[in-house]
$ cat start-v5.cif   # mmCIF, C-alpha atoms
data_coords
#
loop_
_atom_site.label_atom_id
_atom_site.label_comp_id
_atom_site.auth_asym_id
_atom_site.auth_seq_id
_atom_site.Cartn_x
_atom_site.Cartn_y
_atom_site.Cartn_z
CA MET A 232 -117.77 86.89 -131.77
CA ARG A 233 -120.24 86.63 -134.60
CA VAL A 234 -123.61 88.10 -133.63
CA TYR A 235 -126.88 88.12 -135.54
CA VAL A 236 -128.88 91.33 -135.20
CA PRO A 237 -132.59 91.11 -136.07
CA LEU A 238 -133.95 94.03 -138.11
CA THR A 239 -136.64 94.96 -140.59
CA LEU A 240 -136.08 96.50 -144.02
CA SER A 241 -136.87 99.97 -142.64
CA ARG A 242 -134.42 99.49 -139.77
CA LEU A 243 -131.81 98.25 -142.23
CA ALA A 244 -132.33 101.47 -144.21
CA GLU A 245 -131.84 103.50 -141.01
CA ALA A 246 -128.66 101.56 -140.22
CA HIS A 247 -127.36 102.13 -143.74
CA THR A 248 -127.98 105.87 -143.47
CA ALA A 249 -126.41 106.08 -139.99
CA GLY A 250 -123.53 103.74 -140.81
CA GLU A 251 -124.25 101.71 -137.69
CA LEU A 252 -126.63 99.27 -136.09
CA GLY A 253 -128.06 101.02 -133.10
CA PRO A 254 -128.55 102.85 -130.94
CA GLY A 255 -127.46 100.59 -128.11
CA PRO A 256 -128.29 98.55 -126.30
CA LEU A 257 -128.92 96.07 -129.09
CA THR A 258 -130.45 92.63 -128.76
CA ALA A 259 -128.65 90.10 -130.91
CA TYR A 260 -128.15 86.34 -131.05
CA ALA A 261 -124.92 84.38 -130.90
CA VAL A 262 -123.47 81.01 -130.02
CA THR A 263 -123.77 81.25 -126.24
CA PRO A 264 -123.16 78.50 -123.68
CA GLY A 265 -126.93 78.17 -123.28
CA LEU A 266 -127.43 77.73 -127.03
CA ARG A 267 -124.64 75.13 -127.13
CA GLU A 268 -126.25 73.19 -124.29
CA TRP A 269 -129.71 73.35 -125.87
CA TYR A 270 -128.55 72.44 -129.39
CA VAL A 271 -126.13 69.72 -128.23
CA SER A 272 -123.68 70.14 -131.07
CA ASP A 273 -120.03 71.01 -131.40
CA ASP A 274 -120.35 71.96 -135.06
CA ILE A 275 -119.87 75.73 -135.10
CA GLU A 276 -121.67 76.10 -138.44
CA GLU A 277 -124.76 74.36 -137.08
CA LEU A 278 -124.63 76.48 -133.93
CA GLU A 279 -124.29 79.72 -135.92
CA TYR A 280 -127.21 78.63 -138.11
CA ALA A 281 -129.27 78.08 -134.95
CA ALA A 282 -128.34 81.59 -133.72
CA LEU A 283 -129.27 83.02 -137.15
CA ASN A 284 -132.67 81.30 -136.93
CA ARG A 285 -133.22 82.73 -133.43
CA ALA A 286 -132.51 86.19 -134.87
CA ALA A 287 -134.91 85.53 -137.78
CA ALA A 288 -137.64 84.72 -135.25
CA ALA A 289 -136.87 87.98 -133.45
CA SER A 290 -137.07 89.83 -136.77
CA LEU A 291 -140.55 88.37 -137.26
CA ARG A 292 -141.53 89.89 -133.89
CA LEU A 293 -140.24 93.28 -135.08
CA LEU A 294 -142.39 92.92 -138.21
CA ALA A 295 -145.44 92.09 -136.11
CA ALA A 296 -144.90 95.28 -134.12
CA ASP A 297 -144.44 97.44 -137.26
CA PRO A 298 -147.16 96.69 -139.82
CA GLY A 299 -145.97 99.53 -142.06
CA THR A 300 -142.62 97.97 -142.98
CA GLY A 301 -141.85 95.46 -145.73
CA ARG A 302 -142.80 91.90 -144.86
CA ARG A 303 -139.33 90.36 -145.08
CA ARG A 304 -137.23 89.21 -142.14
CA VAL A 305 -133.78 90.79 -141.98
CA VAL A 306 -130.74 89.69 -139.97
CA VAL A 307 -127.33 91.36 -140.05
CA ALA A 308 -124.36 89.19 -139.15
CA ALA A 309 -121.59 91.24 -137.54
CA ASP A 310 -118.37 90.60 -135.67
CA VAL A 311 -117.89 92.23 -132.27
CA PRO A 312 -115.34 91.66 -129.52
CA ASP A 313 -116.47 88.84 -127.20
CA ARG A 314 -116.62 91.17 -124.21
CA GLU A 315 -119.19 93.39 -125.96
CA ALA A 316 -121.80 90.63 -126.41
CA VAL A 317 -123.14 89.74 -122.98
CA ALA A 318 -125.47 86.80 -122.49
CA ASP A 319 -127.98 86.78 -119.65
CA PRO A 320 -127.12 83.66 -117.62
CA ASP A 321 -130.79 83.26 -116.67
CA ARG A 322 -131.85 83.03 -120.35
CA GLY A 323 -130.61 79.58 -121.31
CA PRO A 324 -131.94 76.03 -121.63
CA GLY A 325 -133.69 76.35 -118.25
CA ASP A 326 -135.61 79.41 -119.42
CA PRO A 327 -139.26 78.27 -119.31
CA ASP A 328 -140.13 79.33 -122.87
CA GLY A 329 -136.62 79.06 -124.32
CA ALA A 330 -137.06 82.52 -125.84
CA GLY A 331 -133.70 83.76 -124.64
CA LEU A 332 -131.55 80.99 -126.08
CA GLY A 333 -128.57 82.59 -127.77
CA GLU A 334 -129.71 86.10 -126.85
CA VAL A 335 -126.98 88.64 -126.11
CA ARG A 336 -126.97 92.36 -125.34
CA ILE A 337 -124.56 94.78 -126.95
CA ALA A 338 -124.34 98.06 -125.05
CA SER A 339 -123.11 100.26 -127.90
CA PRO A 340 -124.02 100.71 -131.54
CA VAL A 341 -122.17 98.42 -133.96
CA ALA A 342 -120.52 100.04 -136.95
CA LEU A 343 -121.96 98.72 -140.20
CA SER A 344 -118.35 98.23 -141.31
CA LYS A 345 -118.25 95.34 -138.78
CA ALA A 346 -121.06 93.57 -140.65
CA ALA A 347 -120.08 90.40 -142.46
CA ALA A 348 -123.36 89.77 -144.30
CA VAL A 349 -127.05 90.54 -144.47
CA HIS A 350 -129.65 87.76 -144.51
CA VAL A 351 -133.08 88.62 -145.97
CA ASP A 352 -136.17 86.72 -147.03
CA SER A 353 -136.75 86.29 -150.74
CA ASP A 354 -139.64 88.05 -152.46
CA GLU A 355 -141.41 84.68 -152.61
CA ALA A 356 -141.45 84.49 -148.78
CA GLU A 357 -143.29 87.79 -148.30
CA ALA A 358 -146.83 86.37 -148.22
CA ASP A 359 -145.91 83.67 -145.69
CA VAL A 360 -143.94 86.14 -143.57
CA ALA A 361 -146.82 88.62 -143.62
CA ALA A 362 -149.25 85.89 -142.53
CA ALA A 363 -146.84 84.76 -139.80
CA ALA A 364 -146.41 88.30 -138.46
CA ALA A 365 -150.20 88.69 -138.33
CA ALA A 366 -150.62 85.34 -136.57
CA LEU A 367 -147.80 85.74 -134.04
CA GLY A 368 -149.95 87.08 -131.20
CA ALA A 369 -152.45 84.23 -131.47
CA ALA A 370 -149.61 81.70 -131.71
CA ASP A 371 -148.10 83.10 -128.53
CA HIS A 372 -151.45 82.47 -126.82
CA GLY A 373 -151.55 78.80 -127.82
CA ASP A 374 -153.53 78.86 -131.07
CA ASP A 375 -152.28 75.80 -132.99
CA ASP A 376 -153.43 77.08 -136.38
CA ALA A 377 -151.60 80.35 -135.80
CA ARG A 378 -148.48 78.41 -134.71
CA PHE A 379 -148.68 76.46 -137.99
CA THR A 380 -148.79 79.76 -139.89
CA VAL A 381 -145.78 81.12 -137.98
CA ASP A 382 -143.88 77.91 -138.65
CA GLY A 383 -144.62 78.40 -142.36
CA ALA A 384 -142.41 81.49 -142.40
CA GLU A 385 -139.64 79.52 -140.74
CA ASP A 386 -139.70 77.13 -143.70
CA HIS A 387 -138.17 79.89 -145.84
CA GLU A 388 -134.40 80.15 -145.80
CA LEU A 389 -132.98 83.65 -145.53
CA LEU A 390 -130.87 84.62 -148.52
CA TRP A 391 -127.27 85.81 -148.08
CA TYR A 392 -126.23 89.26 -149.30
CA GLY A 393 -122.96 91.09 -149.08
CA VAL A 394 -122.98 94.34 -147.12
CA GLN A 395 -122.29 96.24 -150.35
CA GLU A 396 -125.71 95.01 -151.60
CA ILE A 397 -127.69 96.86 -148.88
CA PRO A 398 -128.62 99.79 -151.18
CA GLY A 399 -130.30 97.34 -153.57
CA LEU A 400 -132.21 95.70 -150.70
CA ILE A 401 -133.57 98.94 -149.29
CA GLY A 402 -134.02 100.85 -152.54
#
$ encode --input "start-v5.cif" --output "structure tokens"
Amino acid sequence: MRVYVPLTLSRLAEAHTAGELGPGPLTAYAVTPGLREWYVSDDIEELEYAALNRAAAASLRLLAADPGTGRRRVVVAADVPDREAVADPDRGPGDPDGAGLGEVRIASPVALSKAAAVHVDSDEAEADVAAAAAALGAADHGDDDARFTVDGAEDHELLWYGVQEIPGLIG
């Protein structure tokens, strides 16, 4: 199963040094039954893109909690055995805020060698991502202007990088 693990640049550097994403348990995003039901599509590429976007939103939350790290969202796409990525059946389309759509838990660290790609914001997205991270708390409390700012970060597509390019991203 392809999973999308939300990180920050500093956490990506830690993973690169350790050779693994972890420690477990990890929160990741994947094409779960709940995500399929919510997205109403059979196109696996569209579903994986939706899971990637869920992970990007989770990366933004990590940035909001760590003001000292670079203001770029980071998501690592990795392949794990299906049995290792467990979805919470209560976190699907019926979840009141929809926050858990596509969310899975992975009990153990994931070797970086299992990573297929790294998705990172461009340099041009940094200002919008920084503003979104700063506005996230207010957006969560219903501030429409803050929600608009958060949505502005979501307008930026994450760029694709090969795993071998991690040193250049963190250096």
$ closest_residue --input "start-v5.cif" --among "A:Gly373, A:Pro340, A:Gly399, A:Gly383" --to "Leu252 in chain A" --atoms "all atoms listed in the file"
A:Pro340
$ closest_atom_pairs --input "start-v5.cif" --of "range 337-374 of chain A" --to "range 308-313 of chain A" --cutoff "6 Å" --atoms "only C-alpha atoms" --output "CSV"
residue,atom,partner,partner_atom,distance
A:Lys345,CA,A:Ala309,CA,5.4
A:Ala346,CA,A:Ala309,CA,3.9
A:Ala347,CA,A:Ala309,CA,5.2
A:Ala348,CA,A:Ala308,CA,5.3
$ residues_around --input "start-v5.cif" --residues "Arg378 in chain A" --least-positions-apart "5" --cutoff "8 Å" --atoms "only C-alpha atoms" --output "list in words"
Ala366, Leu367, Ala369, Ala370, Asp371 and Gly373 of chain A
$ resolve_selection --input "start-v5.cif" --expression "the PyMOL selection byres ((chain A and resi 301) around 8)" --output "MDAnalysis selection string"
chainID A and resid 239:241 294 299:300 302:303
$ closest_residue --input "start-v5.cif" --among "A:Pro256, A:Gly250, A:Gly393, A:Gly331" --to "Val349 in chain A" --atoms "only C-alpha atoms"
A:Gly393
$ resolve_selection --input "start-v5.cif" --expression "the PyMOL selection byres ((chain A and resi 364) around 8)" --output "list in words"
Leu291, Arg292, Leu294, Ala295, Val360, Ala361, Ala362, Ala363, Ala365, Ala366, Leu367 and Val381 of chain A
$ write_last_selection --input "start-v5.cif" --atoms "C-alpha atoms" --output "short mmCIF file (atom, residue, chain, number, x, y, z; two decimals), keeping the file's coordinate frame"
data_model
loop_
_atom_site.label_atom_id
_atom_site.label_comp_id
_atom_site.auth_asym_id
_atom_site.auth_seq_id
_atom_site.Cartn_x
_atom_site.Cartn_y
_atom_site.Cartn_z
CA LEU A 291 -140.55 88.37 -137.26
CA ARG A 292 -141.53 89.89 -133.89
CA LEU A 294 -142.39 92.92 -138.21
CA ALA A 295 -145.44 92.09 -136.11
CA VAL A 360 -143.94 86.14 -143.57
CA ALA A 361 -146.82 88.62 -143.62
CA ALA A 362 -149.25 85.89 -142.53
CA ALA A 363 -146.84 84.76 -139.80
CA ALA A 365 -150.20 88.69 -138.33
CA ALA A 366 -150.62 85.34 -136.57
CA LEU A 367 -147.80 85.74 -134.04
CA VAL A 381 -145.78 81.12 -137.98
#
$ closest_residue --input "start-v5.cif" --among "A:Leu243, A:Val394, A:Leu389, A:Ala342" --to "Tyr280 in chain A" --atoms "all atoms listed in the file"
A:Leu389
$ residues_around --input "start-v5.cif" --residues "Gly255 in chain A" --least-positions-apart "5" --cutoff "10 Å" --atoms "only C-alpha atoms" --output "list of chain:residue names"
A:Arg336, A:Ile337, A:Ala338, A:Ser339, A:Pro340, A:Val341
$ residues_around --input "start-v5.cif" --residues "Leu283 in chain A" --least-positions-apart "2" --cutoff "10 Å" --atoms "all atoms listed in the file" --output "list in words"
Val234, Tyr235, Val236, Pro237, Ala259, Tyr260, Ala261, Val262, Glu277, Leu278, Glu279, Tyr280, Ala281, Arg285, Ala286, Ala287, Ala288, Ala289, Val306, Val307, Ala308, Gly333, His350 and Leu389 of chain A
$ atom_distance --input "start-v5.cif" --atom1 "CA of Leu390 in chain A" --atom2 "CA of Asp352 in chain A"
5.9 Å
$ closest_residue --input "start-v5.cif" --among "A:Glu334, A:Gly265, A:Glu388, A:Leu343" --to "Glu355 in chain A" --atoms "all atoms listed in the file"
A:Glu388
$ atom_distance --input "start-v5.cif" --atom1 "CA of Gln395 in chain A" --atom2 "CA of Glu251 in chain A"
13.9 Å
$ build_atoms --input "start-v5.cif" --residues "range 237-253 of chain A" --atoms "N, CA and C atoms" --output "CSV table (one decimal), in the frame of the given file"
chain,number,residue,atom,x,y,z
A,237,PRO,N,-131.3,91.1,-135.3
A,237,PRO,CA,-132.6,91.1,-136.1
A,237,PRO,C,-133.0,92.5,-136.4
A,238,LEU,N,-133.5,92.7,-137.6
A,238,LEU,CA,-134.0,94.0,-138.1
A,238,LEU,C,-135.2,93.8,-139.0
A,239,THR,N,-135.6,94.9,-139.5
A,239,THR,CA,-136.6,95.0,-140.6
A,239,THR,C,-136.0,95.7,-141.7
A,240,LEU,N,-136.6,95.7,-142.9
A,240,LEU,CA,-136.1,96.5,-144.0
A,240,LEU,C,-136.0,98.0,-143.7
A,241,SER,N,-137.0,98.5,-143.0
A,241,SER,CA,-136.9,100.0,-142.6
A,241,SER,C,-135.7,100.2,-141.6
A,242,ARG,N,-135.5,99.3,-140.7
A,242,ARG,CA,-134.4,99.5,-139.8
A,242,ARG,C,-133.1,99.3,-140.5
A,243,LEU,N,-133.0,98.4,-141.5
A,243,LEU,CA,-131.8,98.2,-142.2
A,243,LEU,C,-131.5,99.5,-143.0
A,244,ALA,N,-132.5,100.2,-143.5
A,244,ALA,CA,-132.3,101.5,-144.2
A,244,ALA,C,-131.8,102.5,-143.2
A,245,GLU,N,-132.3,102.6,-142.0
A,245,GLU,CA,-131.8,103.5,-141.0
A,245,GLU,C,-130.4,103.2,-140.7
A,246,ALA,N,-130.0,101.9,-140.5
A,246,ALA,CA,-128.7,101.6,-140.2
A,246,ALA,C,-127.7,102.0,-141.4
A,247,HIS,N,-128.2,101.8,-142.6
A,247,HIS,CA,-127.4,102.1,-143.7
A,247,HIS,C,-127.1,103.6,-143.8
A,248,THR,N,-128.1,104.4,-143.5
A,248,THR,CA,-128.0,105.9,-143.5
A,248,THR,C,-127.1,106.3,-142.3
A,249,ALA,N,-127.2,105.7,-141.2
A,249,ALA,CA,-126.4,106.1,-140.0
A,249,ALA,C,-125.0,105.5,-140.0
A,250,GLY,N,-124.8,104.4,-140.8
A,250,GLY,CA,-123.5,103.7,-140.8
A,250,GLY,C,-123.3,102.8,-139.6
A,251,GLU,N,-124.4,102.6,-138.9
A,251,GLU,CA,-124.2,101.7,-137.7
A,251,GLU,C,-125.6,101.1,-137.3
A,252,LEU,N,-125.5,99.9,-136.7
A,252,LEU,CA,-126.6,99.3,-136.1
A,252,LEU,C,-126.8,99.8,-134.7
A,253,GLY,N,-127.9,100.4,-134.4
A,253,GLY,CA,-128.1,101.0,-133.1
A,253,GLY,C,-129.3,101.9,-133.1
